[in-house]
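Some notes on the structure that comes next.
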Amino acid sequence: GNPIYVELPASVVIEVTYTEPGLQGDRSSGGTKPATLETGREIQVPLFLEAGTKVKVNTGTGEYLGRVND
């Protein structure tokens with residue numbers, strides 16, 4: 001048969017299902033913490049992000065690109 005070619009989008013919007021709560025004042029420190037996405041993948045996100053937040057993630061690198069407001 002013929003090979004199947006699938007091109008993934010450069011980024012996807014996905015929900016953070018678990019991450020430790022951030023502390024007040026974490027917005028300016030620029031640090032990161034682990035977060036689990038709805039797919040089960042773990043990525044690093046800014047300290048201020050909470051579970052339930054939708055984020056944009058680079059599909060090639062798994063890198064956090066930003067928060068998505070719906």
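Ordering of the structure tokens sets the chain letters (A, B, ...), residue numbers begin anew at 1 in every chain, and ligands are numbered from 1 in the order given.
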Which of chain A counts as strand (DSSP E) under DSSP, as a PyMOL selection string please?
chain A and resi 11-19+32-37+42-46+54-58+64-68
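With atom CA of Gly52 of chain A on one side and atom CA of Glu7 of chain A on the other, the separation reads 27.8 Å.
Ranking A:Val45, A:Glu50, A:Val16, A:Ile4 by their shortest atom-to-atom distance to Gly66 of chain A, with only C-alpha atoms included, puts A:Val45 first.
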Do a neighbour search on Leu37 of chain A at 7 Å with only C-alpha atoms, toss out local chain neighbours closer than 5 positions, and write the hits as a PyMOL selection string.
chain A and resi 14-17+42
Now that the selection is made, can you save its residues with C-alpha atoms as a PDB file, in the first residue's frame?
ATOM      1  CA  ILE A  14      -5.167  21.739  25.261  1.00  0.00           C
ATOM      2  CA  GLU A  15      -6.292  21.800  28.883  1.00  0.00           C
ATOM      3  CA  VAL A  16      -4.022  21.495  31.911  1.00  0.00           C
ATOM      4  CA  THR A  17      -5.595  18.777  34.071  1.00  0.00           C
ATOM      5  CA  GLU A  42       3.774  16.574  31.232  1.00  0.00           C
TER       6      GLU A  42
END
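Separating atom CA of Arg41 of chain A from atom CA of Val12 of chain A is a distance of 13.0 Å.
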Residue nearest Gly40 of chain A - candidates A:Asn2, A:Ser11, A:Thr19, A:Asn69, atoms counted: only C-alpha atoms
A:Thr19
Counting only C-alpha atoms, which residue out of A:Glu38, A:Val13, A:Tyr5, A:Leu47 sits closest to Asp70 of chain A?
A:Val13
Return the single residue from A:Gly30, A:Leu65, A:Gly1, A:Thr36 that is closest to Phe48 of chain A, with distances computed using only C-alpha atoms.
A:Gly30
Computed gap from atom CA of Ala51 of chain A to atom CA of Arg67 of chain A is 11.9 Å
